[in-house]
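> Structure file structure25.csv, CSV, C-alpha atoms and all ligand atoms, is pasted below:
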```csv
chain,number,residue,atom,x,y,z
A,1,MET,CA,3.8,31.4,-21.1
A,2,PRO,CA,4.1,31.6,-17.3
A,3,LEU,CA,2.4,35.0,-16.9
A,4,SER,CA,-1.0,36.0,-18.1
A,5,PRO,CA,-1.6,39.4,-19.9
A,6,ASP,CA,-3.3,40.6,-16.7
A,7,GLN,CA,-0.3,39.7,-14.5
A,8,LEU,CA,2.1,41.3,-17.0
A,9,ALA,CA,0.0,44.5,-17.0
A,10,GLU,CA,0.1,44.5,-13.1
A,11,ILE,CA,3.9,44.3,-13.3
A,12,GLU,CA,4.2,47.1,-15.8
A,13,GLU,CA,1.9,49.3,-13.7
A,14,LEU,CA,4.2,48.7,-10.7
A,15,ARG,CA,7.2,49.7,-12.9
A,16,ALA,CA,5.4,52.8,-14.2
A,17,SER,CA,5.2,54.5,-10.8
A,18,PRO,CA,8.8,55.0,-9.5
A,19,ARG,CA,9.2,56.9,-6.3
A,20,GLN,CA,12.1,59.0,-4.9
A,21,THR,CA,14.0,57.4,-2.1
A,22,LEU,CA,16.9,58.1,0.2
A,23,ARG,CA,17.8,54.4,0.4
A,24,ALA,CA,20.7,52.8,-1.5
A,25,VAL,CA,19.7,52.0,-5.1
A,26,SER,CA,21.3,49.5,-7.4
A,27,GLU,CA,20.7,50.6,-11.0
A,28,GLY,CA,21.3,47.1,-12.2
A,29,MET,CA,18.7,45.7,-9.8
A,30,GLU,CA,16.2,48.4,-10.6
A,31,ALA,CA,16.1,47.1,-14.2
A,32,HIS,CA,15.0,43.7,-12.8
A,33,LEU,CA,12.4,44.8,-10.2
A,34,TYR,CA,9.1,43.0,-10.6
A,35,ARG,CA,10.0,41.5,-14.0
A,36,ALA,CA,9.7,37.7,-14.4
A,37,HIS,CA,12.6,35.7,-15.9
A,38,ASP,CA,11.2,32.5,-17.4
A,39,VAL,CA,12.7,29.2,-16.1
A,40,LEU,CA,11.7,25.7,-17.3
A,41,ASP,CA,8.3,25.4,-19.1
A,42,HIS,CA,6.0,27.4,-16.7
A,43,GLY,CA,8.3,28.7,-14.0
A,44,PHE,CA,9.9,32.0,-13.3
A,45,VAL,CA,12.0,34.1,-10.9
A,46,ARG,CA,11.3,37.7,-10.3
A,47,VAL,CA,12.6,40.3,-7.8
A,48,ILE,CA,10.0,41.8,-5.6
A,49,ASP,CA,12.3,43.9,-3.4
A,50,TYR,CA,15.9,44.3,-2.3
A,51,MET,CA,18.0,46.1,0.2
A,52,GLY,CA,21.6,47.3,-0.2
A,53,ASP,CA,24.2,47.3,-3.0
A,54,ASP,CA,28.0,46.9,-3.2
A,55,ALA,CA,28.5,50.1,-1.2
A,56,ALA,CA,26.3,48.8,1.6
A,57,ILE,CA,28.7,45.9,2.1
A,58,CYS,CA,31.6,48.2,2.5
A,59,GLN,CA,29.6,50.6,4.6
A,60,ALA,CA,28.9,47.8,7.1
A,61,ALA,CA,32.5,46.5,6.9
A,62,ARG,CA,33.7,49.9,7.8
A,63,VAL,CA,30.8,50.5,10.3
A,64,SER,CA,30.6,53.9,8.6
A,65,TYR,CA,28.5,56.9,9.6
A,66,GLY,CA,28.1,58.0,6.0
A,67,LYS,CA,28.2,56.2,2.7
A,68,GLY,CA,31.2,54.2,3.7
A,69,THR,CA,32.5,54.2,0.1
A,70,LYS,CA,36.0,55.3,-0.7
A,71,SER,CA,36.2,54.6,-4.4
A,72,VAL,CA,34.8,51.9,-6.7
A,73,GLN,CA,38.3,50.4,-7.0
A,74,ASN,CA,38.9,50.6,-3.2
A,75,ASP,CA,35.4,49.0,-2.5
A,76,ALA,CA,36.0,46.2,-5.0
A,77,GLY,CA,39.3,45.4,-3.2
A,78,LEU,CA,37.7,45.4,0.2
A,79,ILE,CA,34.9,43.2,-1.0
A,80,ARG,CA,37.4,40.7,-2.5
A,81,TYR,CA,39.3,40.8,0.9
A,82,LEU,CA,36.1,40.0,2.8
A,83,MET,CA,35.2,37.2,0.4
A,84,ARG,CA,38.7,35.8,0.5
A,85,HIS,CA,38.8,35.7,4.3
A,86,TRP,CA,35.3,34.5,4.9
A,87,HIS,CA,34.4,37.7,6.6
A,88,SER,CA,30.7,37.1,5.7
A,89,THR,CA,28.6,39.3,7.9
A,90,PRO,CA,28.9,42.5,5.7
A,91,PHE,CA,27.3,40.4,2.9
A,92,GLU,CA,24.3,39.7,5.2
A,93,MET,CA,23.5,43.5,5.1
A,94,CYS,CA,22.1,43.0,1.6
A,95,GLU,CA,18.8,41.2,1.1
A,96,VAL,CA,16.6,40.2,-1.7
A,97,LYS,CA,13.0,39.1,-1.9
A,98,LEU,CA,12.1,36.8,-4.9
A,99,HIS,CA,8.8,35.5,-6.2
A,100,VAL,CA,9.5,32.0,-7.6
A,101,LYS,CA,7.3,29.6,-9.5
A,102,LEU,CA,8.8,26.1,-9.5
A,103,PRO,CA,7.8,22.4,-9.6
A,104,VAL,CA,7.2,20.9,-6.2
A,105,PHE,CA,10.1,18.4,-6.5
A,106,VAL,CA,12.4,21.4,-7.1
A,107,ALA,CA,10.8,23.2,-4.2
A,108,ARG,CA,11.7,20.2,-2.0
A,109,GLN,CA,15.4,20.6,-2.7
A,110,TRP,CA,15.2,24.4,-2.4
A,111,ILE,CA,13.5,24.4,1.0
A,112,ARG,CA,16.5,22.6,2.5
A,113,HIS,CA,18.2,26.0,2.5
A,114,ARG,CA,17.0,27.0,5.9
A,115,THR,CA,18.5,30.4,6.2
A,116,ALA,CA,15.8,32.1,4.1
A,117,ASN,CA,12.2,33.3,4.8
A,118,VAL,CA,9.5,31.6,2.8
A,119,ASN,CA,5.8,32.0,2.2
A,120,GLU,CA,4.3,29.4,-0.1
A,121,TYR,CA,1.1,29.5,-2.1
A,122,SER,CA,-1.6,27.7,-0.1
A,123,ALA,CA,-3.1,24.6,-1.7
A,124,ARG,CA,-5.4,24.4,1.3
A,125,TYR,CA,-6.9,27.7,0.5
A,126,SER,CA,-6.5,27.9,-3.3
A,127,ILE,CA,-6.9,25.6,-6.2
A,128,LEU,CA,-3.6,24.7,-7.9
A,129,ASP,CA,-3.3,25.5,-11.6
A,130,ARG,CA,-3.2,22.7,-14.2
A,131,GLU,CA,0.5,23.3,-14.8
A,132,PHE,CA,3.1,20.5,-14.8
A,133,TYR,CA,6.8,20.5,-15.6
A,134,ILE,CA,7.3,18.4,-18.7
A,135,PRO,CA,11.0,18.2,-19.5
A,136,GLU,CA,12.4,18.9,-22.9
A,137,PRO,CA,13.3,15.6,-24.7
A,138,GLU,CA,17.0,16.4,-24.4
A,139,GLN,CA,16.7,16.5,-20.6
A,140,LEU,CA,15.5,12.9,-20.6
A,141,ALA,CA,18.5,10.7,-19.7
A,142,ALA,CA,19.2,7.4,-18.1
A,143,GLN,CA,20.4,6.8,-14.6
A,144,SER,CA,24.1,7.6,-14.5
A,145,VAL,CA,26.4,4.5,-14.0
A,146,ILE,CA,29.2,6.5,-12.4
A,147,ASN,CA,27.2,8.9,-10.2
A,148,ASN,CA,24.3,7.4,-8.3
A,149,GLN,CA,23.0,10.9,-7.9
A,150,GLY,CA,22.8,12.0,-11.5
A,151,ARG,CA,21.9,11.4,-15.1
A,152,GLY,CA,23.9,9.6,-17.8
A,153,ALA,CA,23.3,9.1,-21.5
A,154,ALA,CA,20.3,10.6,-23.2
A,155,LEU,CA,17.4,8.3,-23.8
A,156,THR,CA,16.7,7.1,-27.3
A,157,ASP,CA,14.1,9.0,-29.3
A,158,ALA,CA,11.6,6.1,-28.9
A,159,GLU,CA,12.1,5.8,-25.1
A,160,SER,CA,12.0,9.5,-24.5
A,161,ALA,CA,8.7,9.8,-26.6
A,162,ARG,CA,7.2,7.0,-24.4
A,163,VAL,CA,8.4,8.7,-21.2
A,164,LEU,CA,6.9,12.0,-22.3
A,165,ASP,CA,3.6,10.3,-23.0
A,166,ILE,CA,3.5,8.8,-19.6
A,167,LEU,CA,4.4,12.1,-17.8
A,168,LYS,CA,1.7,14.0,-19.7
A,169,SER,CA,-1.1,11.4,-19.4
A,170,ASP,CA,-0.4,10.8,-15.7
A,171,ALA,CA,-0.4,14.5,-15.0
A,172,ALA,CA,-3.6,15.0,-16.9
A,173,GLN,CA,-5.3,12.1,-15.2
A,174,CYS,CA,-4.2,13.2,-11.7
A,175,TYR,CA,-5.4,16.7,-12.3
A,176,ASP,CA,-8.7,15.5,-13.7
A,177,HIS,CA,-9.2,13.4,-10.5
A,178,TYR,CA,-8.2,16.4,-8.3
A,179,ALA,CA,-10.7,18.6,-10.1
A,180,GLU,CA,-13.4,15.9,-9.8
A,181,MET,CA,-12.7,15.4,-6.1
A,182,ILE,CA,-12.9,19.1,-5.2
A,183,GLY,CA,-15.8,19.8,-7.5
A,184,THR,CA,-19.3,20.3,-6.1
A,185,GLU,CA,-21.2,19.2,-9.2
A,186,GLY,CA,-21.6,15.4,-9.6
A,187,ALA,CA,-21.5,13.6,-13.0
A,188,ASP,CA,-25.3,13.6,-13.0
A,189,GLY,CA,-25.3,17.4,-12.5
A,190,ALA,CA,-26.6,17.1,-8.9
A,191,GLU,CA,-24.8,19.1,-6.2
A,192,LYS,CA,-22.2,17.1,-4.1
A,193,GLN,CA,-20.1,18.1,-1.1
A,194,GLY,CA,-16.7,18.1,-2.8
A,195,LEU,CA,-13.5,17.0,-0.9
A,196,ALA,CA,-11.5,19.7,0.9
A,197,ARG,CA,-8.6,21.1,-1.1
A,198,GLU,CA,-6.1,20.2,1.6
A,199,LEU,CA,-6.9,16.6,1.1
A,200,ALA,CA,-7.5,16.5,-2.7
A,201,ARG,CA,-4.0,17.9,-3.4
A,202,MET,CA,-2.3,14.7,-2.1
A,203,ASN,CA,-3.2,13.1,-5.4
A,204,LEU,CA,-1.1,15.6,-7.4
A,205,PRO,CA,2.3,14.6,-8.8
A,206,SER,CA,5.5,16.4,-7.7
A,207,ASN,CA,6.0,18.0,-11.1
A,208,ILE,CA,3.0,20.3,-10.5
A,209,TYR,CA,4.0,23.9,-10.0
A,210,THR,CA,3.9,25.8,-6.8
A,211,GLN,CA,4.9,29.4,-6.0
A,212,TRP,CA,6.5,31.2,-3.1
A,213,TYR,CA,8.1,34.4,-1.9
A,214,TRP,CA,11.7,33.7,-0.8
A,215,LYS,CA,13.7,36.3,1.1
A,216,VAL,CA,17.3,35.8,1.8
A,217,ASP,CA,20.5,37.8,2.6
A,218,LEU,CA,23.4,37.9,0.2
A,219,HIS,CA,25.7,35.7,2.2
A,220,ASN,CA,23.2,32.8,2.4
A,221,LEU,CA,22.2,33.5,-1.3
A,222,PHE,CA,25.8,33.0,-2.3
A,223,HIS,CA,25.8,29.7,-0.3
A,224,PHE,CA,22.7,28.6,-2.2
A,225,LEU,CA,24.2,29.6,-5.6
A,226,ARG,CA,27.5,27.9,-4.7
A,227,LEU,CA,25.6,24.6,-4.2
A,228,ARG,CA,22.8,24.9,-6.8
A,229,ALA,CA,24.4,26.7,-9.7
A,230,ASP,CA,27.1,24.0,-9.5
A,231,ALA,CA,27.4,21.3,-12.2
A,232,HIS,CA,26.6,18.6,-9.5
A,233,ALA,CA,23.2,20.1,-8.8
A,234,GLN,CA,20.1,18.7,-10.5
A,235,TYR,CA,19.4,20.5,-13.8
A,236,GLU,CA,15.9,21.6,-12.8
A,237,ILE,CA,17.1,23.6,-9.7
A,238,ARG,CA,20.4,24.7,-11.4
A,239,VAL,CA,18.4,26.6,-14.1
A,240,TYR,CA,16.7,28.6,-11.3
A,241,ALA,CA,20.1,29.3,-9.6
A,242,ASP,CA,21.6,30.4,-12.9
A,243,ALA,CA,18.7,32.8,-13.5
A,244,ILE,CA,19.2,34.2,-9.9
A,245,ALA,CA,22.9,34.4,-10.4
A,246,LYS,CA,22.4,36.7,-13.5
A,247,VAL,CA,20.2,39.0,-11.4
A,248,VAL,CA,22.8,39.1,-8.6
A,249,ALA,CA,25.6,40.0,-11.0
A,250,ASP,CA,23.6,43.1,-12.0
A,251,TRP,CA,22.6,43.9,-8.4
A,252,VAL,CA,26.0,43.7,-6.7
A,253,PRO,CA,28.6,43.4,-9.5
A,254,ALA,CA,31.7,43.7,-7.2
A,255,ALA,CA,30.4,41.1,-4.7
A,256,TYR,CA,29.3,38.8,-7.4
A,257,GLY,CA,32.7,39.1,-9.2
A,258,ALA,CA,34.4,38.2,-5.9
A,259,PHE,CA,32.0,35.3,-5.4
A,260,GLU,CA,32.6,34.0,-8.9
A,261,ASP,CA,36.3,34.2,-8.5
A,262,TYR,CA,36.7,32.7,-5.0
A,263,ARG,CA,33.7,30.4,-4.6
A,264,MET,CA,32.4,29.4,-8.0
A,265,GLY,CA,35.7,29.4,-9.8
A,266,GLY,CA,37.9,28.5,-6.8
A,267,GLU,CA,38.4,25.2,-5.0
A,268,THR,CA,39.1,24.1,-1.5
A,269,LEU,CA,42.1,21.8,-1.1
A,270,SER,CA,42.7,19.4,1.8
A,271,ALA,CA,46.1,19.5,3.5
A,272,GLN,CA,46.9,16.3,1.8
A,273,ALA,CA,46.0,17.7,-1.7
A,274,LEU,CA,47.9,20.9,-1.0
A,275,ASP,CA,51.0,18.8,-0.1
A,276,CYS,CA,50.7,17.0,-3.4
A,277,VAL,CA,50.5,20.3,-5.3
A,278,ARG,CA,53.7,21.5,-3.5
A,279,ARG,CA,55.5,18.2,-4.3
A,280,MET,CA,54.4,18.5,-8.0
A,281,VAL,CA,55.6,22.1,-8.1
A,282,LYS,CA,59.0,20.9,-6.9
A,283,GLY,CA,59.0,18.4,-9.9
A,284,GLU,CA,57.9,15.1,-8.2
A,285,ALA,CA,55.7,12.9,-10.3
A,286,VAL,CA,53.0,12.3,-7.7
A,287,THR,CA,50.6,9.4,-8.4
A,288,GLN,CA,47.5,8.2,-6.6
A,289,GLU,CA,49.5,5.5,-4.9
A,290,THR,CA,52.1,8.0,-3.5
A,291,SER,CA,49.5,10.8,-2.8
A,292,GLY,CA,48.0,9.1,0.2
A,293,MET,CA,44.5,9.8,-1.2
A,294,SER,CA,41.8,7.4,-2.0
A,295,LYS,CA,40.9,6.7,-5.7
A,296,GLY,CA,37.8,8.9,-5.4
A,297,GLU,CA,39.8,11.8,-3.8
A,298,TRP,CA,42.5,11.5,-6.4
A,299,ARG,CA,40.0,11.5,-9.3
A,300,GLU,CA,38.5,14.7,-8.0
A,301,PHE,CA,41.9,16.2,-7.3
A,302,GLU,CA,43.0,15.5,-10.9
A,303,GLU,CA,39.8,17.2,-12.1
A,304,VAL,CA,40.7,20.3,-10.0
A,305,ILE,CA,44.2,20.6,-11.2
A,306,GLY,CA,43.3,19.7,-14.8
B,1,LIG,C1,24.3,18.2,-4.8
B,1,LIG,C2,23.5,18.0,-3.6
B,1,LIG,C3,23.0,16.8,-3.2
B,1,LIG,C4,22.3,16.7,-2.0
B,1,LIG,N1,21.8,15.5,-1.6
B,1,LIG,C5,21.0,15.4,-0.5
B,1,LIG,C6,20.5,14.1,-0.1
B,1,LIG,O1,20.7,13.1,-0.7
B,1,LIG,N2,19.7,14.1,1.0
B,1,LIG,C7,19.4,15.2,1.8
B,1,LIG,O2,18.7,15.1,2.8
B,1,LIG,N3,20.0,16.4,1.4
B,1,LIG,C8,20.7,16.5,0.3
B,1,LIG,N4,21.2,17.7,-0.1
B,1,LIG,C9,20.9,18.9,0.8
B,1,LIG,C10,22.1,19.3,1.6
B,1,LIG,O3,22.5,18.3,2.5
B,1,LIG,C11,21.7,20.6,2.4
B,1,LIG,O4,20.6,20.3,3.3
B,1,LIG,C12,21.3,21.7,1.5
B,1,LIG,O5,22.2,21.9,0.5
B,1,LIG,C13,21.2,23.0,2.3
B,1,LIG,O6,22.5,23.4,2.7
B,1,LIG,P1,22.8,24.1,4.1
B,1,LIG,O7,22.3,23.3,5.2
B,1,LIG,O8,24.3,24.4,4.1
B,1,LIG,O9,22.0,25.5,3.9
B,1,LIG,P2,21.2,26.4,4.9
B,1,LIG,O10,20.1,25.6,5.5
B,1,LIG,O11,20.9,27.7,4.2
B,1,LIG,O12,22.2,26.7,6.1
B,1,LIG,C14,23.4,27.5,5.8
B,1,LIG,C15,24.4,27.2,6.9
B,1,LIG,O13,23.8,27.6,8.2
B,1,LIG,C16,24.2,26.6,9.1
B,1,LIG,N5,22.9,26.0,9.7
B,1,LIG,C17,21.7,26.3,9.3
B,1,LIG,N6,20.8,25.6,10.0
B,1,LIG,C18,21.5,24.9,10.9
B,1,LIG,C19,21.2,24.0,11.9
B,1,LIG,N7,19.9,23.7,12.2
B,1,LIG,N8,22.2,23.4,12.6
B,1,LIG,C20,23.5,23.7,12.4
B,1,LIG,N9,23.9,24.6,11.4
B,1,LIG,C21,22.9,25.2,10.7
B,1,LIG,C22,25.1,25.6,8.5
B,1,LIG,O14,26.4,26.0,8.6
B,1,LIG,C23,24.7,25.7,7.0
B,1,LIG,O15,25.8,25.3,6.1
B,1,LIG,C24,22.0,17.9,-1.2
B,1,LIG,C25,22.5,19.1,-1.6
B,1,LIG,C26,23.2,19.2,-2.8
B,1,LIG,C27,23.7,20.6,-3.2
```
Please re-express this file's structure in structure tokens.


Amino acid sequence: MPLSPDQLAEIEELRASPRQTLRAVSEGMEAHLYRAHDVLDHGFVRVIDYMGDDAAICQAARVSYGKGTKSVQNDAGLIRYLMRHWHSTPFEMCEVKLHVKLPVFVARQWIRHRTANVNEYSARYSILDREFYIPEPEQLAAQSVINNQGRGAALTDAESARVLDILKSDAAQCYDHYAEMIGTEGADGAEKQGLARELARMNLPSNIYTQWYWKVDLHNLFHFLRLRADAHAQYEIRVYADAIAKVVADWVPAAYGAFEDYRMGGETLSAQALDCVRRMVKGEAVTQETSGMSKGEWREFEEVIG
């Protein structure tokens, strides 16, 4: 379980003392505030704070003096218009601050999204917990033969059992050595200096868990979700993006609906691909050879048009 009883009690205490506010409140998001959503074996995502709701997007788009809301239907239409036409700044008026616990190798992919504010748990100051991501056996797959950047067939039971053994024993041994290096009591019980935490941590594998606070506006969060909740993203970051997506759907349902429709469910076509679609609609049997596209482009185009 990722959170201890003490941490859960702290969260419940925070939730037990609501205060009145004049600020915009999203009922859907209030239900998530502070609560942890489990991800992977020890990770989680939880909302620490947020600003704005669907109405705030419309308020900014209309540069309104008051609420800026006409009607829910009207607002949803405006939000879809903004999304459709890449008028993105109104979405930047909404922000969310998340507390995320994640393996270091996932954090390395995540941190590439530069348009967020991050503060990470300090392994110079604190001692890291003995918590490592150990995949479920069904996640253990061979290198893909068609996509250099992905997984292919599942490992056999015997191979996956061996891999799990290696992952667990390496993690345990590295952590034992980490603890030994920073420890101030020698094997003989005599006091020793102990290595600084900032140096001892270099021995830890990248499946150890780290934590951070991550604050981002809705426009850039959608960009993150578009890339990381996508089937091409690595499973271990995708499950975090999926957990965040569910929270966002409750926070700003109209904006999320538009995002799902235009970005997650939609596709961008090149001029060449669009030309092929037009020719196909007119009844022409377009092939890769007559399309002007490369084999790779044609394969992806066929996937898009089904
Ligand atoms: C499936 C997948 C595979 C990937 N593989 C690799 C890989 O092999 N190697 C690798 O290094 N990365 C890889 N990445 C990371 C990828 O290249 C991006 O760094 C990452 O997705 C963050 O995207 P971003 O820069 O658009 O996001 P953000 O950093 O959030 O930026 C959002 C947008 O702001 C603008 N922006 C932000 N900062 C700058 C800047 N300094 N200059 C100009 N414009 C800026 C850009 O328009 C950008 O799109 C991969 C990502 C995915 C999703």

> List the spatial neighbours of stretch 77-81 of chain A as a ChimeraX atom specification - criterion: any atom at most 12 Å away, all atoms listed in the file, same-chain residues fewer than 5 positions off excluded.

/A:53-62,68-72,86-91,252-263

> Counting all atoms listed in the file, figure out which residue out of A:Thr287, A:Gln139, A:Asn220, A:Ser64 gets nearest to ligand LIG 1 (chain B).

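Checking each of A:Thr287, A:Gln139, A:Asn220, A:Ser64 against ligand LIG 1 (chain B), counting all atoms listed in the file, the winner is A:Asn220.
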
> So that I can see what lies close to A:His113, please list as a VMD selection string the residues with an atom at most 12 Å from it, counting only C-alpha atoms and leaving out residues fewer than 3 positions away in the same chain.

chain A and resid 107 to 110 116 to 118 214 to 216 220 to 228

> Keeping only C-alpha atoms, take the residues you just selected and write them out as an mmCIF file, in the frame of the given file.


```
data_model
loop_
_atom_site.group_PDB
_atom_site.id
_atom_site.type_symbol
_atom_site.label_atom_id
_atom_site.label_comp_id
_atom_site.auth_asym_id
_atom_site.auth_seq_id
_atom_site.Cartn_x
_atom_site.Cartn_y
_atom_site.Cartn_z
ATOM 1 C CA ALA A 107 10.800 23.200 -4.200
ATOM 2 C CA ARG A 108 11.700 20.200 -2.000
ATOM 3 C CA GLN A 109 15.400 20.600 -2.700
ATOM 4 C CA TRP A 110 15.200 24.400 -2.400
ATOM 5 C CA ALA A 116 15.800 32.100 4.100
ATOM 6 C CA ASN A 117 12.200 33.300 4.800
ATOM 7 C CA VAL A 118 9.500 31.600 2.800
ATOM 8 C CA TRP A 214 11.700 33.700 -0.800
ATOM 9 C CA LYS A 215 13.700 36.300 1.100
ATOM 10 C CA VAL A 216 17.300 35.800 1.800
ATOM 11 C CA ASN A 220 23.200 32.800 2.400
ATOM 12 C CA LEU A 221 22.200 33.500 -1.300
ATOM 13 C CA PHE A 222 25.800 33.000 -2.300
ATOM 14 C CA HIS A 223 25.800 29.700 -0.300
ATOM 15 C CA PHE A 224 22.700 28.600 -2.200
ATOM 16 C CA LEU A 225 24.200 29.600 -5.600
ATOM 17 C CA ARG A 226 27.500 27.900 -4.700
ATOM 18 C CA LEU A 227 25.600 24.600 -4.200
ATOM 19 C CA ARG A 228 22.800 24.900 -6.800
#
```

> Please list as a VMD selection string every residue within 7 Å of A:Val47, counting all atoms listed in the file and excluding residues in the same chain fewer than 2 positions away.

chain A and resid 32 to 35 45 49 97 to 99

> Just want the 10 Å neighbourhood of A:Ser122, counted on only C-alpha atoms, with same-chain residues fewer than 6 positions away dropped. Output as a VMD selection string.

chain A and resid 128 197 to 198 210 to 212

> What does the file look like for those residues with C-alpha atoms, as a compact mmCIF listing (two decimals), keeping the file's coordinate frame?


```
# COMPACT_ATOMS: atom_id res chain seq x y z
CA LEU A 128 -3.60 24.70 -7.90
CA ARG A 197 -8.60 21.10 -1.10
CA GLU A 198 -6.10 20.20 1.60
CA THR A 210 3.90 25.80 -6.80
CA GLN A 211 4.90 29.40 -6.00
CA TRP A 212 6.50 31.20 -3.10
```
